[in-house]
Amino acid sequence: MADDIDDLLDEVEESFTNSKLRKKDKICESVKSDDLKDLLDEFEPPPQPIDSGNISDIASSKSGGSRKCSTPILSGTTCPKGMSTGATLRACDKLRCVLCDSFVILIDGFAWAEKTDYLFLRNNYPDISRLRARLDSQRGIRAYACQCQHRSVRETKNVNSESNLKWVCGGH
């Protein structure tokens, strides 16, 4: 009889341990599949419902990249900010520097002082309150800066025409 009880206890213990392992495996599988799903969503966002009114958004989402300016433009405050297309010229407000890999900030109504240099920008970017130490108030001018370069612009000009300027549209 003692052997029967021992066998029965062994059987119960074994079934209890197996059920725990099965539950643990299911939990691990679900955690793994959730992690995998999150990783895949980072690279490719889940499909969005199609809005018939936004044909250009659908075309850009199919191409896999975000929309970019046809020609990135720098301009004073007379030109609105936004994405520049072949039909409309706008000052690109999503510029990114290829050299320092920082977004370019735009400050309307200010120009950079002559004593503004690389080290000042490097130490104070992107804190506009600290950058104001080297900004002069001027109507119609827009100040542009990343961590390594700066420009004050009044006239509309192509980013590519500026010498030594390595800014590109980062996508809208």
# chains A, B, ... in the order shown; residues from 1 in each chain; ligands from 1
$ closest_atom_pairs --of "stretch 68-118 of chain A" --to "stretch 134-149 of chain A" --cutoff "9 Å" --atoms "only C-alpha atoms" --output "Markdown table"
| residue | atom | partner | partner_atom | distance |
| --- | --- | --- | --- | --- |
| A:Leu74 | CA | A:Tyr144 | CA | 8.5 |
| A:Ser75 | CA | A:Arg142 | CA | 6.9 |
| A:Gly76 | CA | A:Ile141 | CA | 4.6 |
| A:Thr77 | CA | A:Gly140 | CA | 5.0 |
| A:Thr78 | CA | A:Gly140 | CA | 6.4 |
| A:Arg96 | CA | A:Cys146 | CA | 7.9 |
| A:Cys97 | CA | A:Cys146 | CA | 6.7 |
| A:Leu99 | CA | A:Cys148 | CA | 7.7 |
| A:Cys100 | CA | A:Gln147 | CA | 6.4 |
| A:Asp101 | CA | A:Gln147 | CA | 8.5 |
| A:Ser102 | CA | A:Cys146 | CA | 6.0 |
| A:Phe103 | CA | A:Cys146 | CA | 6.2 |
| A:Val104 | CA | A:Cys146 | CA | 4.6 |
| A:Ile105 | CA | A:Ala145 | CA | 5.4 |
| A:Leu106 | CA | A:Tyr144 | CA | 4.7 |
| A:Ile107 | CA | A:Ala143 | CA | 5.0 |
| A:Asp108 | CA | A:Arg142 | CA | 4.5 |
| A:Gly109 | CA | A:Arg139 | CA | 5.1 |
| A:Phe110 | CA | A:Ser137 | CA | 4.5 |
| A:Ala111 | CA | A:Ala143 | CA | 5.2 |
| A:Trp112 | CA | A:Leu135 | CA | 4.8 |
| A:Ala113 | CA | A:Arg134 | CA | 5.3 |
| A:Glu114 | CA | A:Arg134 | CA | 8.3 |
| A:Lys115 | CA | A:Arg134 | CA | 7.4 |
| A:Thr116 | CA | A:Arg134 | CA | 6.1 |
| A:Asp117 | CA | A:Gln149 | CA | 8.0 |
| A:Tyr118 | CA | A:Cys148 | CA | 5.3 |
$ atom_distance --atom1 "atom CA of A:Lys94" --atom2 "atom CA of A:Ile128"
16.9 Å
$ atom_distance --atom1 "atom CA of A:Ser84" --atom2 "atom CA of A:Trp167"
14.7 Å
$ decode --residues "stretch 102-146 of chain A" --atoms "N, CA and C atoms" --output "PDB file, in the first residue's frame"
ATOM      1  N   SER A 102      22.267  66.038 -37.036  1.00  0.00           N
ATOM      2  CA  SER A 102      21.307  66.744 -36.193  1.00  0.00           C
ATOM      3  C   SER A 102      20.253  67.408 -37.066  1.00  0.00           C
ATOM      4  N   PHE A 103      19.066  67.612 -36.503  1.00  0.00           N
ATOM      5  CA  PHE A 103      18.048  68.360 -37.213  1.00  0.00           C
ATOM      6  C   PHE A 103      18.430  69.834 -37.198  1.00  0.00           C
ATOM      7  N   VAL A 104      18.073  70.536 -38.260  1.00  0.00           N
ATOM      8  CA  VAL A 104      18.352  71.959 -38.378  1.00  0.00           C
ATOM      9  C   VAL A 104      17.190  72.718 -37.745  1.00  0.00           C
ATOM     10  N   ILE A 105      17.522  73.647 -36.852  1.00  0.00           N
ATOM     11  CA  ILE A 105      16.470  74.456 -36.234  1.00  0.00           C
ATOM     12  C   ILE A 105      16.332  75.761 -37.013  1.00  0.00           C
ATOM     13  N   LEU A 106      15.104  76.291 -37.050  1.00  0.00           N
ATOM     14  CA  LEU A 106      14.802  77.534 -37.742  1.00  0.00           C
ATOM     15  C   LEU A 106      14.314  78.542 -36.716  1.00  0.00           C
ATOM     16  N   ILE A 107      14.840  79.767 -36.792  1.00  0.00           N
ATOM     17  CA  ILE A 107      14.432  80.812 -35.863  1.00  0.00           C
ATOM     18  C   ILE A 107      14.052  82.037 -36.689  1.00  0.00           C
ATOM     19  N   ASP A 108      12.760  82.327 -36.736  1.00  0.00           N
ATOM     20  CA  ASP A 108      12.250  83.441 -37.538  1.00  0.00           C
ATOM     21  C   ASP A 108      12.556  84.779 -36.890  1.00  0.00           C
ATOM     22  N   GLY A 109      12.930  85.777 -37.738  1.00  0.00           N
ATOM     23  CA  GLY A 109      13.139  87.147 -37.267  1.00  0.00           C
ATOM     24  C   GLY A 109      14.485  87.381 -36.619  1.00  0.00           C
ATOM     25  N   PHE A 110      15.434  86.469 -36.792  1.00  0.00           N
ATOM     26  CA  PHE A 110      16.760  86.627 -36.204  1.00  0.00           C
ATOM     27  C   PHE A 110      17.834  86.245 -37.219  1.00  0.00           C
ATOM     28  N   ALA A 111      19.013  86.883 -37.067  1.00  0.00           N
ATOM     29  CA  ALA A 111      20.189  86.569 -37.877  1.00  0.00           C
ATOM     30  C   ALA A 111      21.333  86.221 -36.935  1.00  0.00           C
ATOM     31  N   TRP A 112      22.241  85.392 -37.392  1.00  0.00           N
ATOM     32  CA  TRP A 112      23.385  85.000 -36.569  1.00  0.00           C
ATOM     33  C   TRP A 112      24.406  86.122 -36.511  1.00  0.00           C
ATOM     34  N   ALA A 113      24.957  86.378 -35.345  1.00  0.00           N
ATOM     35  CA  ALA A 113      26.029  87.364 -35.182  1.00  0.00           C
ATOM     36  C   ALA A 113      27.289  86.828 -35.844  1.00  0.00           C
ATOM     37  N   GLU A 114      28.178  87.749 -36.237  1.00  0.00           N
ATOM     38  CA  GLU A 114      29.407  87.344 -36.928  1.00  0.00           C
ATOM     39  C   GLU A 114      30.305  86.456 -36.065  1.00  0.00           C
ATOM     40  N   LYS A 115      30.261  86.639 -34.752  1.00  0.00           N
ATOM     41  CA  LYS A 115      31.145  85.857 -33.882  1.00  0.00           C
ATOM     42  C   LYS A 115      30.618  84.455 -33.571  1.00  0.00           C
ATOM     43  N   THR A 116      29.504  84.044 -34.196  1.00  0.00           N
ATOM     44  CA  THR A 116      28.974  82.691 -34.005  1.00  0.00           C
ATOM     45  C   THR A 116      29.923  81.692 -34.664  1.00  0.00           C
ATOM     46  N   ASP A 117      30.336  80.688 -33.923  1.00  0.00           N
ATOM     47  CA  ASP A 117      31.264  79.699 -34.469  1.00  0.00           C
ATOM     48  C   ASP A 117      30.817  78.277 -34.135  1.00  0.00           C
ATOM     49  N   TYR A 118      31.588  77.332 -34.629  1.00  0.00           N
ATOM     50  CA  TYR A 118      31.297  75.910 -34.464  1.00  0.00           C
ATOM     51  C   TYR A 118      31.183  75.521 -32.991  1.00  0.00           C
ATOM     52  N   LEU A 119      32.139  75.963 -32.183  1.00  0.00           N
ATOM     53  CA  LEU A 119      32.174  75.576 -30.774  1.00  0.00           C
ATOM     54  C   LEU A 119      30.945  76.094 -30.019  1.00  0.00           C
ATOM     55  N   PHE A 120      30.522  77.323 -30.332  1.00  0.00           N
ATOM     56  CA  PHE A 120      29.329  77.884 -29.697  1.00  0.00           C
ATOM     57  C   PHE A 120      28.100  77.034 -30.035  1.00  0.00           C
ATOM     58  N   LEU A 121      27.956  76.688 -31.315  1.00  0.00           N
ATOM     59  CA  LEU A 121      26.809  75.878 -31.735  1.00  0.00           C
ATOM     60  C   LEU A 121      26.858  74.503 -31.087  1.00  0.00           C
ATOM     61  N   ARG A 122      28.022  73.908 -31.061  1.00  0.00           N
ATOM     62  CA  ARG A 122      28.183  72.564 -30.506  1.00  0.00           C
ATOM     63  C   ARG A 122      27.783  72.512 -29.027  1.00  0.00           C
ATOM     64  N   ASN A 123      28.125  73.552 -28.294  1.00  0.00           N
ATOM     65  CA  ASN A 123      27.849  73.580 -26.859  1.00  0.00           C
ATOM     66  C   ASN A 123      26.422  73.992 -26.515  1.00  0.00           C
ATOM     67  N   ASN A 124      25.746  74.736 -27.396  1.00  0.00           N
ATOM     68  CA  ASN A 124      24.443  75.303 -27.047  1.00  0.00           C
ATOM     69  C   ASN A 124      23.267  74.748 -27.833  1.00  0.00           C
ATOM     70  N   TYR A 125      23.510  74.023 -28.918  1.00  0.00           N
ATOM     71  CA  TYR A 125      22.432  73.423 -29.704  1.00  0.00           C
ATOM     72  C   TYR A 125      21.750  72.364 -28.869  1.00  0.00           C
ATOM     73  N   PRO A 126      20.473  72.202 -28.857  1.00  0.00           N
ATOM     74  CA  PRO A 126      19.377  72.914 -29.519  1.00  0.00           C
ATOM     75  C   PRO A 126      18.650  73.892 -28.601  1.00  0.00           C
ATOM     76  N   ASP A 127      19.271  74.312 -27.514  1.00  0.00           N
ATOM     77  CA  ASP A 127      18.631  75.195 -26.539  1.00  0.00           C
ATOM     78  C   ASP A 127      18.566  76.623 -27.085  1.00  0.00           C
ATOM     79  N   ILE A 128      17.399  77.018 -27.578  1.00  0.00           N
ATOM     80  CA  ILE A 128      17.240  78.324 -28.221  1.00  0.00           C
ATOM     81  C   ILE A 128      17.495  79.460 -27.241  1.00  0.00           C
ATOM     82  N   SER A 129      17.153  79.281 -25.983  1.00  0.00           N
ATOM     83  CA  SER A 129      17.399  80.348 -25.009  1.00  0.00           C
ATOM     84  C   SER A 129      18.899  80.626 -24.864  1.00  0.00           C
ATOM     85  N   ARG A 130      19.722  79.610 -24.990  1.00  0.00           N
ATOM     86  CA  ARG A 130      21.181  79.806 -24.929  1.00  0.00           C
ATOM     87  C   ARG A 130      21.730  80.286 -26.267  1.00  0.00           C
ATOM     88  N   LEU A 131      21.104  79.879 -27.366  1.00  0.00           N
ATOM     89  CA  LEU A 131      21.550  80.320 -28.687  1.00  0.00           C
ATOM     90  C   LEU A 131      21.262  81.806 -28.916  1.00  0.00           C
ATOM     91  N   ARG A 132      20.282  82.358 -28.231  1.00  0.00           N
ATOM     92  CA  ARG A 132      19.907  83.775 -28.400  1.00  0.00           C
ATOM     93  C   ARG A 132      21.057  84.734 -28.083  1.00  0.00           C
ATOM     94  N   ALA A 133      22.056  84.275 -27.371  1.00  0.00           N
ATOM     95  CA  ALA A 133      23.209  85.125 -27.065  1.00  0.00           C
ATOM     96  C   ALA A 133      23.926  85.580 -28.333  1.00  0.00           C
ATOM     97  N   ARG A 134      23.821  84.806 -29.403  1.00  0.00           N
ATOM     98  CA  ARG A 134      24.486  85.141 -30.665  1.00  0.00           C
ATOM     99  C   ARG A 134      23.499  85.432 -31.791  1.00  0.00           C
ATOM    100  N   LEU A 135      22.266  85.738 -31.442  1.00  0.00           N
ATOM    101  CA  LEU A 135      21.256  86.066 -32.450  1.00  0.00           C
ATOM    102  C   LEU A 135      20.913  87.554 -32.369  1.00  0.00           C
ATOM    103  N   ASP A 136      20.844  88.195 -33.545  1.00  0.00           N
ATOM    104  CA  ASP A 136      20.444  89.596 -33.635  1.00  0.00           C
ATOM    105  C   ASP A 136      19.060  89.664 -34.247  1.00  0.00           C
ATOM    106  N   SER A 137      18.181  90.445 -33.656  1.00  0.00           N
ATOM    107  CA  SER A 137      16.820  90.586 -34.164  1.00  0.00           C
ATOM    108  C   SER A 137      16.832  91.388 -35.469  1.00  0.00           C
ATOM    109  N   GLN A 138      16.286  90.804 -36.537  1.00  0.00           N
ATOM    110  CA  GLN A 138      16.196  91.477 -37.838  1.00  0.00           C
ATOM    111  C   GLN A 138      14.945  91.001 -38.537  1.00  0.00           C
ATOM    112  N   ARG A 139      14.181  91.933 -39.066  1.00  0.00           N
ATOM    113  CA  ARG A 139      12.944  91.584 -39.763  1.00  0.00           C
ATOM    114  C   ARG A 139      13.233  90.893 -41.081  1.00  0.00           C
ATOM    115  N   GLY A 140      12.398  89.889 -41.384  1.00  0.00           N
ATOM    116  CA  GLY A 140      12.468  89.226 -42.683  1.00  0.00           C
ATOM    117  C   GLY A 140      13.541  88.165 -42.813  1.00  0.00           C
ATOM    118  N   ILE A 141      14.356  87.998 -41.790  1.00  0.00           N
ATOM    119  CA  ILE A 141      15.453  87.018 -41.863  1.00  0.00           C
ATOM    120  C   ILE A 141      15.084  85.794 -41.039  1.00  0.00           C
ATOM    121  N   ARG A 142      15.547  84.649 -41.502  1.00  0.00           N
ATOM    122  CA  ARG A 142      15.360  83.395 -40.772  1.00  0.00           C
ATOM    123  C   ARG A 142      16.742  82.810 -40.502  1.00  0.00           C
ATOM    124  N   ALA A 143      17.007  82.467 -39.246  1.00  0.00           N
ATOM    125  CA  ALA A 143      18.287  81.869 -38.858  1.00  0.00           C
ATOM    126  C   ALA A 143      18.143  80.351 -38.852  1.00  0.00           C
ATOM    127  N   TYR A 144      19.096  79.672 -39.474  1.00  0.00           N
ATOM    128  CA  TYR A 144      19.140  78.215 -39.527  1.00  0.00           C
ATOM    129  C   TYR A 144      20.397  77.760 -38.798  1.00  0.00           C
ATOM    130  N   ALA A 145      20.313  76.627 -38.073  1.00  0.00           N
ATOM    131  CA  ALA A 145      21.509  76.102 -37.407  1.00  0.00           C
ATOM    132  C   ALA A 145      21.350  74.630 -37.065  1.00  0.00           C
ATOM    133  N   CYS A 146      22.456  73.915 -37.188  1.00  0.00           N
ATOM    134  CA  CYS A 146      22.563  72.554 -36.669  1.00  0.00           C
ATOM    135  C   CYS A 146      23.680  72.612 -35.626  1.00  0.00           C
TER     136      CYS A 146
END
